[in-house]
$ cat entry_35.cif   # mmCIF, C-alpha atoms
data_coords
loop_
_atom_site.label_atom_id
_atom_site.label_comp_id
_atom_site.auth_asym_id
_atom_site.auth_seq_id
_atom_site.Cartn_x
_atom_site.Cartn_y
_atom_site.Cartn_z
CA MET N 69 105.62 70.45 51.70
CA LYS N 70 102.74 69.14 49.58
CA LEU N 71 99.18 69.95 50.65
CA LYS N 72 98.35 66.24 50.87
CA THR N 73 101.36 65.57 53.11
CA PHE N 74 100.49 68.55 55.29
CA GLY N 75 96.95 67.22 55.66
CA ARG N 76 98.32 63.86 56.72
CA HIS N 77 100.49 65.49 59.39
CA GLY N 78 97.47 67.45 60.63
CA LYS N 79 95.34 64.31 60.94
CA GLU N 80 98.13 62.48 62.75
CA GLY N 81 98.53 65.41 65.13
CA VAL N 82 94.82 65.31 65.96
CA LYS N 83 95.00 61.52 66.43
CA ASN N 84 97.89 61.97 68.84
CA LEU N 85 95.65 64.16 70.97
CA THR N 86 92.93 61.50 71.13
CA ARG N 87 95.34 58.59 71.68
CA ASN N 88 96.63 60.21 74.85
CA ARG N 89 93.48 62.09 75.69
CA TRP N 90 94.06 62.27 79.43
CA MET N 91 97.61 63.52 79.14
CA SER N 92 96.51 65.87 76.36
CA LEU N 93 93.69 67.16 78.57
CA ALA N 94 96.15 67.63 81.43
CA SER N 95 98.50 69.59 79.15
CA ILE N 96 95.67 71.69 77.74
CA SER N 97 94.48 72.41 81.29
CA ALA N 98 98.00 73.36 82.33
CA VAL N 99 98.35 75.66 79.32
CA THR N 100 94.92 77.13 80.07
CA VAL N 101 95.84 77.95 83.66
CA THR N 102 99.26 79.22 82.62
CA LEU N 103 97.96 81.45 79.83
CA LEU N 104 95.16 82.74 82.04
CA LEU N 105 97.75 83.84 84.58
CA VAL N 106 99.90 85.22 81.77
CA GLY N 107 96.88 87.10 80.39
CA VAL N 108 96.08 88.60 83.79
CA PHE N 109 99.70 89.59 84.44
CA ALA N 110 100.10 90.91 80.88
CA THR N 111 96.93 93.00 81.30
CA LEU N 112 98.17 94.39 84.60
CA LEU N 113 101.67 94.96 83.27
CA MET N 114 100.54 96.71 80.07
CA ASN N 115 98.14 98.96 81.98
CA LEU N 116 100.75 99.62 84.66
CA ASN N 117 103.23 100.53 81.97
CA ASP N 118 100.71 102.86 80.33
CA ILE N 119 99.79 104.46 83.68
CA GLY N 120 103.48 104.85 84.46
CA THR N 121 103.97 106.53 81.11
CA GLN N 122 101.07 108.90 81.83
CA ILE N 123 102.59 109.81 85.20
CA GLU N 124 106.09 110.10 83.77
CA GLU N 125 104.84 112.46 81.07
CA ASP N 126 103.58 114.78 83.82
CA VAL N 127 107.03 114.93 85.41
CA GLU N 128 108.53 118.36 84.81
CA VAL N 129 111.40 120.57 85.92
CA ARG N 130 110.47 124.00 87.25
CA VAL N 131 113.28 126.52 86.84
CA PHE N 132 112.79 129.59 89.03
CA ILE N 133 114.39 132.63 87.45
CA GLU N 134 116.24 135.10 89.67
CA LEU N 135 114.21 138.21 90.45
CA THR N 136 117.11 140.40 89.26
CA ALA N 137 117.23 138.82 85.79
CA ASP N 138 116.20 141.19 82.98
CA GLU N 139 114.54 140.17 79.69
CA GLN N 140 117.89 139.53 78.01
CA GLY N 141 119.01 137.39 80.94
CA GLN N 142 115.81 135.36 80.74
CA ALA N 143 116.22 134.93 76.98
CA ASP N 144 119.82 133.76 77.40
CA LEU N 145 118.74 131.28 80.09
CA ARG N 146 115.97 129.90 77.91
CA GLU N 147 118.38 129.46 75.01
CA LYS N 148 120.81 127.52 77.21
CA ILE N 149 118.05 125.24 78.46
CA GLU N 150 116.75 124.60 74.93
CA ASP N 151 120.29 123.73 73.82
CA ILE N 152 120.29 120.72 76.16
CA SER N 153 119.80 117.76 73.82
CA LYS N 154 117.50 115.88 76.22
CA VAL N 155 115.04 118.77 76.61
CA SER N 156 111.86 118.57 74.53
CA THR N 157 109.91 121.70 75.55
CA VAL N 158 110.49 124.89 77.51
CA GLU N 159 107.42 126.87 78.55
CA PHE N 160 107.59 130.31 80.18
CA GLN N 161 105.27 130.95 83.11
CA SER N 162 105.21 134.53 84.36
CA LYS N 163 104.94 135.29 88.04
CA GLU N 164 101.47 136.76 87.36
CA GLU N 165 100.33 133.43 85.92
CA GLY N 166 101.87 131.62 88.87
CA LEU N 167 100.02 133.79 91.38
CA ASN N 168 96.70 133.41 89.53
CA ARG N 169 97.10 129.62 89.49
CA LEU N 170 97.87 129.65 93.20
CA ILE N 171 94.76 131.70 93.94
CA ASP N 172 92.56 129.48 91.74
CA SER N 173 93.91 126.27 93.31
CA LEU N 174 92.99 127.46 96.82
CA GLY N 175 89.40 128.30 95.94
CA ASP N 176 87.79 130.70 98.43
CA ASP N 177 90.93 130.68 100.56
CA GLY N 178 92.86 132.11 97.63
CA GLU N 179 91.31 135.54 98.18
CA VAL N 180 93.90 136.11 100.89
CA PHE N 181 96.60 136.35 98.20
CA GLU N 182 94.71 138.89 96.04
CA SER N 183 96.58 141.67 97.79
CA LEU N 184 99.91 140.34 96.47
CA LYS N 185 99.06 141.19 92.87
CA ASP N 186 100.46 144.72 93.21
CA GLU N 187 103.76 143.51 94.69
CA ASN N 188 104.10 139.97 93.40
CA PRO N 189 106.90 138.15 95.32
CA LEU N 190 106.94 135.09 93.06
CA ASN N 191 109.55 134.21 90.45
CA ASP N 192 109.07 133.88 86.73
CA VAL N 193 109.44 130.19 85.86
CA PHE N 194 110.52 128.04 82.97
CA VAL N 195 108.62 124.74 82.90
CA VAL N 196 110.92 122.19 81.29
CA LYS N 197 110.03 118.73 80.00
CA THR N 198 112.50 116.13 78.76
CA SER N 199 112.21 113.84 75.75
CA ASP N 200 112.64 110.86 78.08
CA PRO N 201 111.23 111.29 81.63
CA GLN N 202 114.14 109.20 82.91
CA ASP N 203 116.44 112.13 82.01
CA THR N 204 114.60 114.54 84.32
CA ILE N 205 117.11 114.29 87.16
CA GLU N 206 120.14 114.72 84.89
CA VAL N 207 118.63 117.74 83.12
CA ALA N 208 117.63 119.37 86.41
CA LYS N 209 121.17 119.07 87.76
CA SER N 210 122.58 120.61 84.57
CA ILE N 211 120.25 123.62 84.78
CA GLU N 212 121.14 124.32 88.43
CA ASP N 213 124.54 125.66 87.35
CA PHE N 214 123.20 128.13 84.80
CA LYS N 215 123.33 131.87 85.35
CA ASN N 216 120.11 133.64 86.45
CA VAL N 217 118.72 130.46 88.02
CA ASP N 218 117.35 130.99 91.53
CA LYS N 219 116.44 127.32 92.16
CA VAL N 220 115.31 124.18 90.38
CA GLU N 221 112.48 121.95 91.55
CA TYR N 222 111.45 118.56 90.23
CA ALA N 223 110.19 116.62 93.26
CA LYS N 224 113.47 114.71 93.46
CA GLU N 225 112.45 111.99 95.91
CA THR N 226 109.08 111.40 94.26
CA VAL N 227 110.57 111.16 90.78
CA GLU N 228 113.34 108.77 91.86
CA ARG N 229 110.87 106.60 93.77
CA LEU N 230 108.46 106.56 90.81
CA PHE N 231 111.13 105.40 88.37
CA ASN N 232 112.41 102.75 90.81
CA VAL N 233 108.91 101.37 91.45
CA MET N 234 108.06 101.28 87.74
CA ASP N 235 111.29 99.47 86.85
CA MET N 236 110.80 96.96 89.66
CA ALA N 237 107.18 96.28 88.68
CA ARG N 238 108.14 95.71 85.03
CA ASN N 239 110.98 93.36 85.95
CA ILE N 240 108.83 91.34 88.37
CA GLY N 241 106.03 91.08 85.81
CA PHE N 242 108.36 89.86 83.05
CA ALA N 243 109.98 87.35 85.44
CA ILE N 244 106.61 85.90 86.47
CA ILE N 245 105.40 85.63 82.86
CA GLY N 246 108.68 83.98 81.84
CA GLY N 247 108.38 81.43 84.68
CA LEU N 248 104.80 80.58 83.74
CA LEU N 249 105.68 80.06 80.08
CA PHE N 250 108.60 77.80 81.01
CA THR N 251 106.27 75.69 83.16
CA ALA N 252 103.79 75.28 80.30
CA MET N 253 106.55 74.27 77.87
CA PHE N 254 107.80 71.67 80.35
CA LEU N 255 104.33 70.12 80.71
CA ILE N 256 103.75 69.98 76.96
CA ALA N 257 107.18 68.42 76.45
CA ASN N 258 106.26 65.67 78.92
CA THR N 259 103.02 64.94 77.07
CA ILE N 260 104.81 64.65 73.73
CA ARG N 261 107.50 62.52 75.37
CA ILE N 262 104.90 59.97 76.55
CA THR N 263 103.42 59.89 73.04
CA ILE N 264 106.85 59.21 71.57
CA VAL N 265 107.55 56.37 74.02
CA ALA N 266 104.16 54.78 73.28
CA ARG N 267 104.78 54.92 69.52
CA ARG N 268 108.47 54.06 69.50
CA LYS N 269 108.02 50.77 67.58
CA GLU N 270 105.82 52.47 65.02
CA ILE N 271 108.44 55.17 64.58
CA GLU N 272 111.18 52.55 64.11
CA ILE N 273 109.12 50.87 61.38
CA MET N 274 108.57 54.23 59.66
CA LYS N 275 112.32 54.81 59.66
CA MET N 276 112.93 51.38 58.20
CA VAL N 277 110.63 52.08 55.26
CA GLY N 278 112.41 55.35 54.52
CA ALA N 279 110.51 58.04 56.46
CA THR N 280 112.62 61.14 57.06
CA ASN N 281 113.18 62.67 60.50
CA TRP N 282 110.95 65.66 59.70
CA PHE N 283 108.20 63.44 58.29
CA ILE N 284 108.06 61.78 61.72
CA ARG N 285 108.45 64.99 63.68
CA TRP N 286 105.69 67.03 62.01
CA PRO N 287 102.67 65.29 63.64
CA PHE N 288 104.17 65.86 67.07
CA LEU N 289 104.77 69.53 66.28
CA VAL N 290 101.16 69.82 65.08
CA GLU N 291 100.02 68.19 68.31
CA GLY N 292 101.97 70.69 70.38
CA VAL N 293 100.56 73.64 68.43
CA LEU N 294 97.01 72.30 68.84
CA ILE N 295 97.53 71.91 72.59
CA GLY N 296 98.74 75.51 72.74
CA ILE N 297 95.82 76.89 70.71
CA LEU N 298 93.17 74.92 72.63
CA GLY N 299 94.75 75.99 75.89
CA ALA N 300 94.51 79.65 74.84
CA LEU N 301 90.76 79.70 74.09
CA ILE N 302 89.40 79.90 77.65
CA PRO N 303 92.00 82.48 78.82
CA ILE N 304 91.15 84.67 75.84
CA GLY N 305 87.44 84.57 76.67
CA LEU N 306 87.98 85.30 80.35
CA VAL N 307 90.46 88.11 79.70
CA VAL N 308 88.28 89.75 77.03
CA PHE N 309 85.03 89.71 79.01
CA GLY N 310 86.75 90.31 82.33
CA TYR N 311 88.67 93.35 81.09
CA ASP N 312 85.60 94.75 79.35
CA TYR N 313 83.66 94.46 82.63
CA LEU N 314 86.50 96.01 84.64
CA TYR N 315 86.95 98.90 82.19
CA THR N 316 83.20 99.64 82.06
CA THR N 317 82.89 99.49 85.85
CA ILE N 318 85.82 101.81 86.50
CA THR N 319 84.95 104.37 83.80
CA THR N 320 81.28 104.58 84.84
CA ARG N 321 81.70 104.54 88.63
CA TYR N 322 84.94 106.51 88.87
CA PRO N 323 84.94 108.91 85.91
CA THR N 324 87.21 111.40 87.70
CA LEU N 325 89.94 108.85 88.45
CA PHE N 326 93.31 110.47 87.75
CA ILE N 327 94.53 107.45 85.73
CA ASP N 328 93.13 106.02 82.51
CA LEU N 329 93.03 102.33 81.62
CA LEU N 330 93.85 101.28 78.09
CA PRO N 331 90.68 101.29 75.91
CA VAL N 332 89.03 97.87 75.56
CA TYR N 333 89.56 97.88 71.79
CA PRO N 334 92.09 97.30 70.36
CA PHE N 335 93.69 96.28 73.69
CA VAL N 336 91.79 92.97 74.09
CA LEU N 337 92.54 92.09 70.46
CA LYS N 338 96.24 92.57 71.10
CA VAL N 339 96.10 90.46 74.27
CA SER N 340 94.11 87.75 72.46
CA GLY N 341 96.63 87.64 69.64
CA LEU N 342 99.44 87.55 72.18
CA LEU N 343 97.88 84.58 74.02
CA VAL N 344 97.29 82.61 70.81
CA LEU N 345 100.86 83.31 69.70
CA MET N 346 102.21 82.31 73.12
CA GLY N 347 100.10 79.15 73.13
CA MET N 348 101.34 78.13 69.69
CA THR N 349 104.93 79.02 70.55
CA ILE N 350 105.11 77.12 73.83
CA GLY N 351 103.31 74.17 72.24
CA LEU N 352 105.69 74.10 69.29
CA TRP N 353 108.76 74.63 71.45
CA GLY N 354 107.68 72.02 73.99
CA SER N 355 107.17 69.49 71.22
CA PHE N 356 110.40 70.36 69.43
CA THR N 357 112.60 70.09 72.51
CA SER N 358 110.96 66.80 73.51
CA ILE N 359 111.46 65.30 70.04
CA ARG N 360 115.05 66.45 69.81
CA LYS N 361 115.91 64.94 73.17
CA TYR N 362 113.89 61.74 73.23
CA LEU N 363 113.13 60.79 69.64
CA LYS N 364 116.24 58.93 68.49
CA VAL N 365 115.81 58.67 64.77
#
$ encode --input "entry_35.cif" --output "structure tokens"
Amino acid sequence: MKLKTFGRHGKEGVKNLTRNRWMSLASISAVTVTLLLVGVFATLLMNLNDIGTQIEEDVEVRVFIELTADEQGQADLREKIEDISKVSTVEFQSKEEGLNRLIDSLGDDGEVFESLKDENPLNDVFVVKTSDPQDTIEVAKSIEDFKNVDKVEYAKETVERLFNVMDMARNIGFAIIGGLLFTAMFLIANTIRITIVARRKEIEIMKMVGATNWFIRWPFLVEGVLIGILGALIPIGLVVFGYDYLYTTITTRYPTLFIDLLPVYPFVLKVSGLLVLMGMTIGLWGSFTSIRKYLKV
């Protein structure tokens, strides 16, 4: 496409916006509201996903070694665990370390257990982590059958509930975002449809003088993209400043919070780019589907 022709399509697209200014304003407003909601849900979803990943990474399998197992037995057990393809790390924790951690975690009350250091009743433990936290349950069940294993702990109910909640939250978030985007595309398509109806005679004349289908379509596609971009500006501003305020507030007032939000930068840049891309995409798609269905050329 020649630069001059492209410029003509751009001017026509801008004119289309002004010709139907009220419908264009309604579409831009609809896109603004939609992308604002999308931005909020995307921010929540991305942080929820990151928090879930942080929690999942802390999920571990604790393999309690039988008290009767000698050094060779422990070595053989470790080798079997490391041979499991889904295992990423295996860390040995002696019963002395376990007792010291117990005493430290109880603070002053831990002094009661000082007397157990001479006759430590705890087990040596292998702390096992999987490459994918979702494989924790499967790996734990495999280890239970190994020789020299006293018991295996991995907070079964908590882990299963965590994975179920995370999957449900992700699915709900994607469904809501998908519904919002569909709504915006529908509204933009209606705006372009009204423009097409209003200019039908002009379009017929253009066809009669030899204008191609794409020559006629391009201004409407430009209009849709412009609606999408303009509709993304306010959501971007609100999401950027709103998230920066939220992040600053949480990190300054609750520095010991056990979860970490995604850093403001480059997170807000990614969200901004995502909103612009979504705005352009839904604008382009709304225009394209409307032209294909209602523009009979």
$ residues_near_point --input "entry_35.cif" --point "(102.7, 73.0, 74.1)" --cutoff "9 Å" --atoms "only C-alpha atoms" --output "JSON, numbers by chain"
{"N": [95, 96, 99, 252, 253, 254, 255, 256, 257, 259, 260, 289, 291, 292, 293, 294, 295, 296, 297, 299, 347, 348, 349, 350, 351, 352, 353, 354, 355]}
$ atom_distance --input "entry_35.cif" --atom1 "CA of Thr111 (chain N)" --atom2 "CA of Met91 (chain N)"
29.6 Å
$ atom_distance --input "entry_35.cif" --atom1 "CA of Pro303 (chain N)" --atom2 "CA of Thr320 (chain N)"
25.3 Å
$ closest_atom_pairs --input "entry_35.cif" --of "region 147-237 of chain N" --to "region 117-129 of chain N" --cutoff "6 Å" --atoms "all atoms listed in the file" --output "JSON lines"
{"residue": "N:Val195", "atom": "CA", "partner": "N:Val129", "partner_atom": "CA", "distance": 5.9}
{"residue": "N:Val196", "atom": "CA", "partner": "N:Val129", "partner_atom": "CA", "distance": 4.9}
{"residue": "N:Lys197", "atom": "CA", "partner": "N:Glu128", "partner_atom": "CA", "distance": 5.1}
{"residue": "N:Pro201", "atom": "CA", "partner": "N:Glu124", "partner_atom": "CA", "distance": 5.7}
{"residue": "N:Glu221", "atom": "CA", "partner": "N:Val129", "partner_atom": "CA", "distance": 5.9}
{"residue": "N:Tyr222", "atom": "CA", "partner": "N:Val129", "partner_atom": "CA", "distance": 4.8}
$ residues_around --input "entry_35.cif" --residues "Gly166 (chain N)" --least-positions-apart "5" --cutoff "10 Å" --atoms "all atoms listed in the file" --output "ChimeraX atom specification"
/N:161,171-172,188,190-193
$ atom_distance --input "entry_35.cif" --atom1 "CA of Leu170 (chain N)" --atom2 "CA of Pro189 (chain N)"
12.6 Å
$ residues_around --input "entry_35.cif" --residues "Ala237 (chain N)" --least-positions-apart "4" --cutoff "9 Å" --atoms "all atoms listed in the file" --output "list in words"
Leu113, Leu116, Asn117, Asn232, Val233, Gly241 and Phe242 of chain N
$ resolve_selection --input "entry_35.cif" --expression "the PyMOL selection byres ((chain N and resi 157) around 7)" --output "ChimeraX atom specification"
/N:155-156,158-159,196-198
$ resolve_selection --input "entry_35.cif" --expression "the PyMOL selection byres ((chain N and resi 131) around 6)" --output "VMD selection string"
chain N and resid 130 132 193 to 194 220
$ resolve_selection --input "entry_35.cif" --expression "the PyMOL selection byres ((chain N and resi 149) around 9)" --output "list in words"
Asp144, Leu145, Arg146, Glu147, Lys148, Glu150, Asp151, Ile152, Ser153, Val155, Val158, Val196, Val207, Ser210, Ile211 and Phe214 of chain N
$ closest_residue --input "entry_35.cif" --among "N:Leu105, N:Ala223, N:Met274, N:Ile284" --to "Ile205 (chain N)" --atoms "all atoms listed in the file"
N:Ala223
$ closest_residue --input "entry_35.cif" --among "N:Ile244, N:Ala137, N:Ala300, N:Ile262" --to "Val344 (chain N)" --atoms "all atoms listed in the file"
N:Ala300
$ residues_around --input "entry_35.cif" --residues "Thr102 (chain N)" --least-positions-apart "6" --cutoff "8 Å" --atoms "all atoms listed in the file" --output "ChimeraX atom specification"
/N:248-249,251-252
